[in-house]
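Visitor: Okay, here's the structure, questions in a sec.
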Amino acid sequence: MNAPFQNGATGARLPLTVLVAAPRGFCAGVDRAIEIVERALEKYGAPVYVRHEIVHNRFVVDSLRAKGAVFVEELDEVPGDAPVVFSAHGVPKAVPAEAERRQLIYVDATCPLVSKVHRQAERQVEAGRHILFIGHRGHPEVIGTFGQVPQGQMTLVETVEDAASVEVPEGVPLAFLTQTTLSVDDTAQVVAALKARFSDIVGPKAEDICYATSNRQMAVKTIAPGSDLVLVIGAPNSSNSVRLVEVAERCGTPARLIQRGSDLEESWLEGVGTVGLTAGASAPESLVREVIDRLGEWREVEEQTLVTAEEKMVFKLPRELTA
């Protein structure tokens, strides 16, 4: 009996085309956050505490843990003599305020694009506007952004249905802002629904979805139509990675979210001649190579990279780590 992916006549492995999306993987904000933890370890020595996962990727978190990072959920788990890093997703204002009250050494690794949204929120509230914030309930970025303004000044909107039913303060001007890692298409629909209902609502010139999220979604739209299966490397709690799965499925292509090569199952390749492959903004390139190597154990892989954008963004490190 022949192996499932071997040619019956020759015994050779069947070919598999792998369309690799570009750009993929780490964005500038993730690169910066990881380097912040590594530099903090160099400067202060282990342990360095990190409030929440620095980025949503188990492989990255485990790698930093092996170097001496200690991940905690809340600030009260950090000893008074230890440095602490805040995650790339951003934190409520109360967190650095508490760190200062306790005289902790802290470094803020919030992505600059998330910090930009924080500043926008402050300015809209200062201008007397109530904010309708488009995002996913419970996501750390949403929690951090809500924590930038007084309670009651911002309302969460997750869907077009929410936009149609959300209750707003009477006689108060409105603004909208968005989480940085949303679906570009879904967000455009929610924004359109808000503008249709509230003609005077104001917002940023472009939605706050970051360049890396937009670019990775566009890359998936390019590889998905020519693929029988799309694999997205990323964590289940990574918003931008989950969005990539949704984008592929909306193109009519089955998609699976995996964390690394060992998650793959050979049966997934039944009837598959072309696999699309991408990685969320928190997934390192080493995991892309790992997945391709795993596929190569079963099939004769022909790798093709499809480039849809060039990314050259670099964010500066905090001054306390470069002095």
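Residue numbering restarts at 1 for every chain of the structure tokens, chains are lettered A, B, ... in their displayed order, and ligands are numbered from 1 as they appear.
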Could you name the residues that touch segment 147-152 of chain A at 10 Å or less, counting only C-alpha atoms, but leaving out those on the same chain fewer than 4 positions away, as a list of chain:residue names?
Guide: A:Gly90, A:Val91, A:Pro92, A:Lys93, A:Ala94, A:Val95, A:Ser115, A:Val117, A:His118, A:Arg119, A:Gln120, A:Ala121, A:Glu122, A:Arg123, A:Gln124, A:Val125, A:Glu126, A:His130, A:Ile131, A:Glu141, A:Val142, A:Ile143, A:Pro169
Visitor: Near segment 222-233 of chain A, within 10 Å and counting only C-alpha atoms, which residues show up once chain neighbours fewer than 3 positions away are dropped, as a JSON list (two decimals) with N, CA and C atoms, in the first residue's frame?
Guide:
[["chain", "number", "residue", "atom", "x", "y", "z"],
["A", 17, "THR", "N", 3.29, 23.00, -3.45],
["A", 17, "THR", "CA", 3.68, 24.40, -3.60],
["A", 17, "THR", "C", 3.30, 25.15, -2.32],
["A", 18, "VAL", "N", 4.24, 25.89, -1.77],
["A", 18, "VAL", "CA", 3.99, 26.71, -0.58],
["A", 18, "VAL", "C", 4.15, 28.17, -0.97],
["A", 19, "LEU", "N", 3.04, 28.90, -0.96],
["A", 19, "LEU", "CA", 3.05, 30.33, -1.25],
["A", 19, "LEU", "C", 3.26, 31.08, 0.06],
["A", 20, "VAL", "N", 4.43, 31.67, 0.22],
["A", 20, "VAL", "CA", 4.77, 32.34, 1.47],
["A", 20, "VAL", "C", 4.48, 33.83, 1.33],
["A", 21, "ALA", "N", 3.64, 34.34, 2.22],
["A", 21, "ALA", "CA", 3.24, 35.75, 2.17],
["A", 21, "ALA", "C", 4.38, 36.65, 2.63],
["A", 22, "ALA", "N", 4.49, 37.79, 1.99],
["A", 22, "ALA", "CA", 5.42, 38.82, 2.43],
["A", 22, "ALA", "C", 4.76, 40.18, 2.21],
["A", 24, "ARG", "N", 5.21, 39.33, 6.49],
["A", 24, "ARG", "CA", 4.68, 38.38, 7.47],
["A", 24, "ARG", "C", 5.50, 38.55, 8.75],
["A", 25, "GLY", "N", 5.01, 37.94, 9.82],
["A", 25, "GLY", "CA", 5.80, 37.88, 11.05],
["A", 25, "GLY", "C", 6.00, 39.22, 11.73],
["A", 57, "ASN", "N", 2.75, 35.52, 21.83],
["A", 57, "ASN", "CA", 3.37, 34.37, 21.18],
["A", 57, "ASN", "C", 4.09, 33.55, 22.23],
["A", 216, "ARG", "N", -0.34, 42.65, 6.33],
["A", 216, "ARG", "CA", -0.43, 41.19, 6.42],
["A", 216, "ARG", "C", -1.79, 40.69, 5.91],
["A", 217, "GLN", "N", -2.82, 41.46, 6.14],
["A", 217, "GLN", "CA", -4.13, 41.07, 5.62],
["A", 217, "GLN", "C", -4.14, 41.14, 4.09],
["A", 218, "MET", "N", -3.53, 42.17, 3.53],
["A", 218, "MET", "CA", -3.47, 42.28, 2.07],
["A", 218, "MET", "C", -2.65, 41.13, 1.48],
["A", 219, "ALA", "N", -1.58, 40.75, 2.15],
["A", 219, "ALA", "CA", -0.75, 39.65, 1.66],
["A", 219, "ALA", "C", -1.55, 38.35, 1.64],
["A", 236, "PRO", "N", -3.62, 31.79, 19.62],
["A", 236, "PRO", "CA", -5.08, 31.97, 19.65],
["A", 236, "PRO", "C", -5.52, 33.30, 20.26],
["A", 241, "SER", "N", -3.42, 37.74, 14.33],
["A", 241, "SER", "CA", -3.30, 36.41, 13.73],
["A", 241, "SER", "C", -4.66, 35.80, 13.43],
["A", 242, "VAL", "N", -5.58, 35.92, 14.37],
["A", 242, "VAL", "CA", -6.93, 35.40, 14.16],
["A", 242, "VAL", "C", -7.59, 36.10, 12.98],
["A", 243, "ARG", "N", -7.33, 37.40, 12.83],
["A", 243, "ARG", "CA", -7.90, 38.14, 11.70],
["A", 243, "ARG", "C", -7.38, 37.59, 10.37],
["A", 244, "LEU", "N", -6.13, 37.14, 10.33],
["A", 244, "LEU", "CA", -5.57, 36.59, 9.09],
["A", 244, "LEU", "C", -6.30, 35.31, 8.68],
["A", 245, "VAL", "N", -6.67, 34.49, 9.66],
["A", 245, "VAL", "CA", -7.46, 33.29, 9.36],
["A", 245, "VAL", "C", -8.79, 33.69, 8.74],
["A", 247, "VAL", "N", -9.54, 36.43, 7.15],
["A", 247, "VAL", "CA", -9.35, 36.99, 5.81],
["A", 247, "VAL", "C", -9.24, 35.88, 4.77],
["A", 248, "ALA", "N", -8.47, 34.85, 5.09],
["A", 248, "ALA", "CA", -8.31, 33.73, 4.16],
["A", 248, "ALA", "C", -9.64, 33.04, 3.91],
["A", 249, "GLU", "N", -10.39, 32.81, 4.97],
["A", 249, "GLU", "CA", -11.68, 32.11, 4.83],
["A", 249, "GLU", "C", -12.66, 32.93, 4.01],
["A", 250, "ARG", "N", -12.59, 34.25, 4.14],
["A", 250, "ARG", "CA", -13.48, 35.10, 3.34],
["A", 250, "ARG", "C", -13.11, 35.08, 1.86],
["A", 251, "CYS", "N", -11.87, 34.68, 1.58],
["A", 251, "CYS", "CA", -11.46, 34.50, 0.18],
["A", 251, "CYS", "C", -11.92, 33.14, -0.35],
["A", 252, "GLY", "N", -12.57, 32.35, 0.50],
["A", 252, "GLY", "CA", -13.06, 31.04, 0.08],
["A", 252, "GLY", "C", -12.08, 29.91, 0.28],
["A", 253, "THR", "N", -11.01, 30.16, 1.04],
["A", 253, "THR", "CA", -9.97, 29.15, 1.25],
["A", 253, "THR", "C", -9.98, 28.69, 2.70],
["A", 254, "PRO", "N", -10.00, 27.37, 2.95],
["A", 254, "PRO", "CA", -9.90, 26.89, 4.33],
["A", 254, "PRO", "C", -8.60, 27.37, 4.96],
["A", 255, "ALA", "N", -8.65, 27.69, 6.24],
["A", 255, "ALA", "CA", -7.46, 28.21, 6.92],
["A", 255, "ALA", "C", -7.38, 27.63, 8.32],
["A", 256, "ARG", "N", -6.15, 27.49, 8.79],
["A", 256, "ARG", "CA", -5.92, 26.96, 10.14],
["A", 256, "ARG", "C", -4.90, 27.85, 10.85],
["A", 257, "LEU", "N", -5.16, 28.10, 12.13],
["A", 257, "LEU", "CA", -4.22, 28.82, 12.98],
["A", 257, "LEU", "C", -3.38, 27.79, 13.72],
["A", 258, "ILE", "N", -2.06, 27.90, 13.57],
["A", 258, "ILE", "CA", -1.15, 26.98, 14.24],
["A", 258, "ILE", "C", -0.11, 27.81, 14.99],
["A", 259, "GLN", "N", 0.46, 27.21, 16.04],
["A", 259, "GLN", "CA", 1.46, 27.93, 16.81],
["A", 259, "GLN", "C", 2.88, 27.57, 16.39],
["A", 260, "ARG", "N", 3.06, 26.33, 15.88],
["A", 260, "ARG", "CA", 4.37, 25.94, 15.38],
["A", 260, "ARG", "C", 4.25, 24.67, 14.55],
["A", 261, "GLY", "N", 5.38, 24.21, 14.01],
["A", 261, "GLY", "CA", 5.36, 23.09, 13.09],
["A", 261, "GLY", "C", 4.76, 21.83, 13.66],
["A", 263, "ASP", "N", 2.27, 21.44, 15.38],
["A", 263, "ASP", "CA", 0.80, 21.46, 15.37],
["A", 263, "ASP", "C", 0.22, 20.89, 14.07],
["A", 264, "LEU", "N", 1.05, 20.81, 13.03],
["A", 264, "LEU", "CA", 0.58, 20.34, 11.74],
["A", 264, "LEU", "C", 0.20, 18.87, 11.78],
["A", 268, "TRP", "N", -4.09, 16.98, 6.95],
["A", 268, "TRP", "CA", -4.56, 18.25, 6.42],
["A", 268, "TRP", "C", -4.19, 18.43, 4.94],
["A", 269, "LEU", "N", -3.20, 17.67, 4.49],
["A", 269, "LEU", "CA", -2.70, 17.83, 3.12],
["A", 269, "LEU", "C", -3.42, 16.94, 2.11],
["A", 271, "GLY", "N", -5.53, 15.98, -0.66],
["A", 271, "GLY", "CA", -6.12, 16.74, -1.76],
["A", 271, "GLY", "C", -5.59, 18.15, -1.91],
["A", 272, "VAL", "N", -4.52, 18.48, -1.19],
["A", 272, "VAL", "CA", -3.95, 19.83, -1.22],
["A", 272, "VAL", "C", -2.71, 19.85, -2.10],
["A", 273, "GLY", "N", -2.71, 20.74, -3.09],
["A", 273, "GLY", "CA", -1.54, 20.90, -3.95],
["A", 273, "GLY", "C", -0.77, 22.17, -3.65],
["A", 274, "THR", "N", -1.47, 23.17, -3.08],
["A", 274, "THR", "CA", -0.84, 24.46, -2.78],
["A", 274, "THR", "C", -1.26, 24.92, -1.39],
["A", 275, "VAL", "N", -0.28, 25.26, -0.58],
["A", 275, "VAL", "CA", -0.52, 25.80, 0.77],
["A", 275, "VAL", "C", -0.06, 27.25, 0.80],
["A", 276, "GLY", "N", -0.92, 28.12, 1.30],
["A", 276, "GLY", "CA", -0.51, 29.49, 1.58],
["A", 276, "GLY", "C", 0.00, 29.55, 3.01],
["A", 277, "LEU", "N", 1.05, 30.31, 3.24],
["A", 277, "LEU", "CA", 1.65, 30.37, 4.57],
["A", 277, "LEU", "C", 1.96, 31.81, 4.95],
["A", 278, "THR", "N", 1.52, 32.19, 6.16],
["A", 278, "THR", "CA", 1.85, 33.51, 6.69],
["A", 278, "THR", "C", 2.04, 33.40, 8.20],
["A", 279, "ALA", "N", 2.43, 34.51, 8.80],
["A", 279, "ALA", "CA", 2.64, 34.54, 10.25],
["A", 279, "ALA", "C", 2.15, 35.87, 10.79],
["A", 280, "GLY", "N", 1.49, 35.82, 11.94],
["A", 280, "GLY", "CA", 1.04, 37.04, 12.60],
["A", 280, "GLY", "C", 2.21, 37.89, 13.06],
["A", 281, "ALA", "N", 1.91, 39.11, 13.46],
["A", 281, "ALA", "CA", 2.95, 40.09, 13.77],
["A", 281, "ALA", "C", 3.78, 39.75, 15.01],
["A", 282, "SER", "N", 3.34, 38.74, 15.78],
["A", 282, "SER", "CA", 4.09, 38.34, 16.97],
["A", 282, "SER", "C", 4.87, 37.04, 16.77],
["A", 283, "ALA", "N", 4.84, 36.49, 15.56],
["A", 283, "ALA", "CA", 5.47, 35.19, 15.29],
["A", 283, "ALA", "C", 6.82, 35.36, 14.62],
["A", 284, "PRO", "N", 7.87, 34.77, 15.18],
["A", 284, "PRO", "CA", 9.21, 34.93, 14.59],
["A", 284, "PRO", "C", 9.38, 34.12, 13.31],
["A", 285, "GLU", "N", 10.32, 34.55, 12.49],
["A", 285, "GLU", "CA", 10.58, 33.89, 11.20],
["A", 285, "GLU", "C", 11.04, 32.44, 11.40],
["A", 287, "LEU", "N", 9.76, 30.24, 13.17],
["A", 287, "LEU", "CA", 8.60, 29.35, 13.15],
["A", 287, "LEU", "C", 8.11, 29.13, 11.73],
["A", 288, "VAL", "N", 8.28, 30.11, 10.85],
["A", 288, "VAL", "CA", 7.93, 29.94, 9.44],
["A", 288, "VAL", "C", 8.81, 28.84, 8.85],
["A", 291, "VAL", "N", 7.74, 25.40, 10.09],
["A", 291, "VAL", "CA", 6.55, 24.87, 9.43],
["A", 291, "VAL", "C", 6.89, 24.35, 8.04],
["A", 305, "THR", "N", 7.70, 32.95, -2.71],
["A", 305, "THR", "CA", 7.37, 34.10, -1.88],
["A", 305, "THR", "C", 6.65, 35.14, -2.72],
["A", 306, "LEU", "N", 5.49, 35.58, -2.24],
["A", 306, "LEU", "CA", 4.72, 36.62, -2.92],
["A", 306, "LEU", "C", 4.79, 37.91, -2.11],
["A", 307, "VAL", "N", 5.44, 38.90, -2.68],
["A", 307, "VAL", "CA", 5.67, 40.17, -1.98],
["A", 307, "VAL", "C", 4.60, 41.17, -2.38],
["A", 308, "THR", "N", 3.89, 41.70, -1.40],
["A", 308, "THR", "CA", 2.85, 42.70, -1.68],
["A", 308, "THR", "C", 3.19, 44.07, -1.11]]
Visitor: Run DSSP on the backbone and give me the residues of segment 112-321 of chain A it puts in strand (DSSP E or B), as a ChimeraX atom specification.
Guide: /A:130-134,154-157,174-178,202,229-233,255-258,274-279,300-307
Visitor: Please produce a file of those selected residues containing N, CA and C atoms, as a short mmCIF file (atom, residue, chain, number, x, y, z; two decimals), in the first residue's frame.
Guide:
data_model
loop_
_atom_site.label_atom_id
_atom_site.label_comp_id
_atom_site.auth_asym_id
_atom_site.auth_seq_id
_atom_site.Cartn_x
_atom_site.Cartn_y
_atom_site.Cartn_z
N HIS A 130 -17.41 62.30 23.38
CA HIS A 130 -17.52 60.93 23.87
C HIS A 130 -16.99 60.02 22.76
N ILE A 131 -16.18 59.03 23.15
CA ILE A 131 -15.51 58.18 22.16
C ILE A 131 -16.24 56.85 22.00
N LEU A 132 -16.50 56.48 20.76
CA LEU A 132 -16.94 55.13 20.43
C LEU A 132 -15.71 54.39 19.94
N PHE A 133 -15.28 53.42 20.74
CA PHE A 133 -14.03 52.72 20.44
C PHE A 133 -14.32 51.37 19.80
N ILE A 134 -13.82 51.17 18.60
CA ILE A 134 -14.04 49.93 17.86
C ILE A 134 -12.94 48.94 18.22
N MET A 154 -15.86 56.63 27.25
CA MET A 154 -15.63 55.82 26.07
C MET A 154 -16.56 54.60 26.10
N THR A 155 -17.10 54.25 24.94
CA THR A 155 -18.00 53.10 24.82
C THR A 155 -17.46 52.15 23.76
N LEU A 156 -17.48 50.85 24.05
CA LEU A 156 -16.95 49.85 23.12
C LEU A 156 -17.99 49.51 22.06
N VAL A 157 -17.53 49.45 20.82
CA VAL A 157 -18.35 49.01 19.69
C VAL A 157 -17.58 47.89 19.00
N LEU A 174 -19.45 63.35 19.28
CA LEU A 174 -18.88 62.00 19.27
C LEU A 174 -17.60 61.93 18.44
N ALA A 175 -16.75 60.99 18.82
CA ALA A 175 -15.56 60.64 18.05
C ALA A 175 -15.44 59.12 18.04
N PHE A 176 -14.73 58.60 17.06
CA PHE A 176 -14.44 57.16 17.07
C PHE A 176 -12.94 56.94 16.96
N LEU A 177 -12.49 55.86 17.56
CA LEU A 177 -11.11 55.39 17.45
C LEU A 177 -11.17 53.87 17.29
N THR A 178 -10.04 53.26 16.90
CA THR A 178 -10.06 51.82 16.70
C THR A 178 -8.82 51.15 17.29
N VAL A 202 -16.52 62.38 14.50
CA VAL A 202 -15.19 62.65 13.95
C VAL A 202 -14.26 61.49 14.31
N LEU A 229 -5.23 25.55 0.95
CA LEU A 229 -5.24 25.66 2.41
C LEU A 229 -4.30 26.78 2.79
N VAL A 230 -4.72 27.62 3.75
CA VAL A 230 -3.84 28.67 4.28
C VAL A 230 -3.51 28.34 5.72
N LEU A 231 -2.22 28.38 6.04
CA LEU A 231 -1.75 28.19 7.41
C LEU A 231 -1.28 29.54 7.95
N VAL A 232 -1.79 29.90 9.12
CA VAL A 232 -1.41 31.15 9.79
C VAL A 232 -0.69 30.78 11.08
N ILE A 233 0.54 31.21 11.21
CA ILE A 233 1.30 30.95 12.43
C ILE A 233 1.03 32.08 13.41
N ALA A 255 -8.65 27.69 6.24
CA ALA A 255 -7.46 28.21 6.92
C ALA A 255 -7.38 27.63 8.32
N ARG A 256 -6.15 27.49 8.79
CA ARG A 256 -5.92 26.96 10.14
C ARG A 256 -4.90 27.85 10.85
N LEU A 257 -5.16 28.10 12.13
CA LEU A 257 -4.22 28.82 12.98
C LEU A 257 -3.38 27.79 13.72
N ILE A 258 -2.06 27.90 13.57
CA ILE A 258 -1.15 26.98 14.24
C ILE A 258 -0.11 27.81 14.99
N THR A 274 -1.47 23.17 -3.08
CA THR A 274 -0.84 24.46 -2.78
C THR A 274 -1.26 24.92 -1.39
N VAL A 275 -0.28 25.26 -0.58
CA VAL A 275 -0.52 25.80 0.77
C VAL A 275 -0.06 27.25 0.80
N GLY A 276 -0.92 28.12 1.30
CA GLY A 276 -0.51 29.49 1.58
C GLY A 276 0.00 29.55 3.01
N LEU A 277 1.05 30.31 3.24
CA LEU A 277 1.65 30.37 4.57
C LEU A 277 1.96 31.81 4.95
N THR A 278 1.52 32.19 6.16
CA THR A 278 1.85 33.51 6.69
C THR A 278 2.04 33.40 8.20
N ALA A 279 2.43 34.51 8.80
CA ALA A 279 2.64 34.54 10.25
C ALA A 279 2.15 35.87 10.79
N GLU A 300 7.28 17.06 -1.30
CA GLU A 300 8.39 17.74 -1.97
C GLU A 300 8.00 19.21 -2.13
N VAL A 301 8.54 20.05 -1.27
CA VAL A 301 8.08 21.43 -1.19
C VAL A 301 8.76 22.31 -2.24
N GLU A 302 7.94 23.07 -2.94
CA GLU A 302 8.43 24.14 -3.81
C GLU A 302 7.95 25.45 -3.19
N GLU A 303 8.88 26.23 -2.72
CA GLU A 303 8.56 27.45 -1.97
C GLU A 303 8.56 28.67 -2.89
N GLN A 304 7.49 29.46 -2.83
CA GLN A 304 7.41 30.70 -3.59
C GLN A 304 7.00 31.83 -2.65
N THR A 305 7.70 32.95 -2.71
CA THR A 305 7.37 34.10 -1.88
C THR A 305 6.65 35.14 -2.72
N LEU A 306 5.49 35.58 -2.24
CA LEU A 306 4.72 36.62 -2.92
C LEU A 306 4.79 37.91 -2.11
N VAL A 307 5.44 38.90 -2.68
CA VAL A 307 5.67 40.17 -1.98
C VAL A 307 4.60 41.17 -2.38
#
Visitor: Give the answer as one residue: which of A:Ser63, A:Thr145, A:Thr110, A:Thr181 has the shortest atom-to-atom distance to Asn237 of chain A, using only C-alpha atoms?
Guide: A:Thr181
Visitor: So which residues touch Glu74 of chain A within 12 Å, counting only C-alpha atoms, skipping near sequence neighbours fewer than 6 positions away, as a PDB file with N, CA and C atoms, in the first residue's frame?
Guide:
ATOM      1  N   TYR A  49      10.858  41.584  35.455  1.00  0.00           N
ATOM      2  CA  TYR A  49       9.442  41.206  35.420  1.00  0.00           C
ATOM      3  C   TYR A  49       8.761  41.857  34.209  1.00  0.00           C
ATOM      4  N   VAL A  50       7.794  41.166  33.648  1.00  0.00           N
ATOM      5  CA  VAL A  50       7.032  41.679  32.512  1.00  0.00           C
ATOM      6  C   VAL A  50       5.556  41.530  32.830  1.00  0.00           C
ATOM      7  N   ARG A  51       4.846  42.656  32.813  1.00  0.00           N
ATOM      8  CA  ARG A  51       3.408  42.618  33.108  1.00  0.00           C
ATOM      9  C   ARG A  51       2.661  42.178  31.850  1.00  0.00           C
ATOM     10  N   HIS A  52       2.057  41.021  31.920  1.00  0.00           N
ATOM     11  CA  HIS A  52       1.382  40.351  30.807  1.00  0.00           C
ATOM     12  C   HIS A  52       2.411  39.861  29.783  1.00  0.00           C
ATOM     13  N   GLU A  53       1.977  39.026  28.860  1.00  0.00           N
ATOM     14  CA  GLU A  53       2.860  38.584  27.785  1.00  0.00           C
ATOM     15  C   GLU A  53       3.357  39.802  27.017  1.00  0.00           C
ATOM     16  N   VAL A  84      10.459  46.269  35.956  1.00  0.00           N
ATOM     17  CA  VAL A  84       9.290  45.689  35.299  1.00  0.00           C
ATOM     18  C   VAL A  84       9.110  46.351  33.937  1.00  0.00           C
ATOM     19  N   VAL A  85       8.685  45.555  32.966  1.00  0.00           N
ATOM     20  CA  VAL A  85       8.408  46.036  31.604  1.00  0.00           C
ATOM     21  C   VAL A  85       6.915  45.885  31.343  1.00  0.00           C
ATOM     22  N   PHE A  86       6.314  46.912  30.753  1.00  0.00           N
ATOM     23  CA  PHE A  86       4.902  46.841  30.363  1.00  0.00           C
ATOM     24  C   PHE A  86       4.810  46.350  28.918  1.00  0.00           C
ATOM     25  N   SER A  87       3.808  45.529  28.624  1.00  0.00           N
ATOM     26  CA  SER A  87       3.732  44.855  27.334  1.00  0.00           C
ATOM     27  C   SER A  87       3.467  45.802  26.175  1.00  0.00           C
ATOM     28  N   VAL A  91      -0.940  49.776  28.586  1.00  0.00           N
ATOM     29  CA  VAL A  91      -1.554  49.581  29.903  1.00  0.00           C
ATOM     30  C   VAL A  91      -2.359  50.816  30.281  1.00  0.00           C
ATOM     31  N   PRO A  92      -3.354  50.642  31.161  1.00  0.00           N
ATOM     32  CA  PRO A  92      -4.071  51.810  31.690  1.00  0.00           C
ATOM     33  C   PRO A  92      -3.119  52.743  32.430  1.00  0.00           C
ATOM     34  N   ALA A  94      -3.310  53.900  35.227  1.00  0.00           N
ATOM     35  CA  ALA A  94      -3.175  53.544  36.633  1.00  0.00           C
ATOM     36  C   ALA A  94      -1.959  52.654  36.888  1.00  0.00           C
ATOM     37  N   VAL A  95      -1.510  51.919  35.871  1.00  0.00           N
ATOM     38  CA  VAL A  95      -0.394  50.980  36.059  1.00  0.00           C
ATOM     39  C   VAL A  95       0.932  51.716  36.249  1.00  0.00           C
ATOM     40  N   PRO A  96       1.364  52.601  35.325  1.00  0.00           N
ATOM     41  CA  PRO A  96       2.592  53.349  35.613  1.00  0.00           C
ATOM     42  C   PRO A  96       2.467  54.252  36.833  1.00  0.00           C
ATOM     43  N   GLU A  98       0.901  53.496  39.578  1.00  0.00           N
ATOM     44  CA  GLU A  98       1.163  52.615  40.722  1.00  0.00           C
ATOM     45  C   GLU A  98       2.640  52.271  40.805  1.00  0.00           C
ATOM     46  N   ALA A  99       3.278  52.055  39.630  1.00  0.00           N
ATOM     47  CA  ALA A  99       4.717  51.762  39.626  1.00  0.00           C
ATOM     48  C   ALA A  99       5.502  52.931  40.213  1.00  0.00           C
TER      49      ALA A  99
END
Visitor: Name all residues at most 10 Å from segment 320-322 of chain A (count only C-alpha atoms; drop same-chain ones fewer than 4 positions away) and give them as a list in words.
Guide: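 The filter keeps Glu35, Ile36, Val37, Arg39, Ala40, Glu42, Lys43, Tyr44, Tyr106, Val107 and Lys316 of chain A.
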Visitor: Keeping only N, CA and C atoms, write the selected residues as a compact mmCIF listing (two decimals), in the first residue's frame.
Guide:
# COMPACT_ATOMS: atom_id res chain seq x y z
N GLU A 35 13.19 43.56 22.05
CA GLU A 35 14.51 44.14 22.33
C GLU A 35 14.52 44.88 23.65
N ILE A 36 13.41 45.49 24.01
CA ILE A 36 13.32 46.17 25.30
C ILE A 36 13.55 45.19 26.45
N VAL A 37 12.88 44.04 26.39
CA VAL A 37 13.07 43.04 27.45
C VAL A 37 14.51 42.55 27.47
N ARG A 39 17.24 44.06 26.41
CA ARG A 39 18.14 45.11 26.89
C ARG A 39 17.98 45.36 28.38
N ALA A 40 16.73 45.24 28.86
CA ALA A 40 16.51 45.39 30.30
C ALA A 40 17.23 44.30 31.08
N GLU A 42 19.95 42.83 30.09
CA GLU A 42 21.38 43.16 30.03
C GLU A 42 21.74 44.26 31.03
N LYS A 43 20.86 45.26 31.13
CA LYS A 43 21.16 46.42 31.98
C LYS A 43 20.97 46.13 33.45
N TYR A 44 19.85 45.48 33.79
CA TYR A 44 19.51 45.29 35.20
C TYR A 44 19.85 43.91 35.72
N TYR A 106 10.65 50.98 35.93
CA TYR A 106 9.80 50.37 34.89
C TYR A 106 10.15 50.92 33.52
N VAL A 107 9.91 50.08 32.52
CA VAL A 107 10.12 50.46 31.12
C VAL A 107 8.84 50.15 30.37
N LYS A 316 12.17 53.72 17.78
CA LYS A 316 13.28 53.95 18.72
C LYS A 316 13.01 53.26 20.04
Visitor: Would you work out the distance separating atom CA of Gly29 of chain A from atom CA of Lys312 of chain A, expressed in Å to one decimal?
Guide: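 These two atoms are separated by 12.0 Å.
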Visitor: Once DSSP has gone over the backbone, tell me which residues of segment 116-188 of chain A are in alpha helix (DSSP H), as a ChimeraX atom specification.
Guide: /A:116-126,140-146,160-165,184-188
Visitor: Give me, as a ChimeraX atom specification, all polymer residues having an atom no more than 10 Å from Gln103 of chain A, counting only C-alpha atoms and skipping those fewer than 6 positions away in the same chain.
Guide: /A:80-81,97
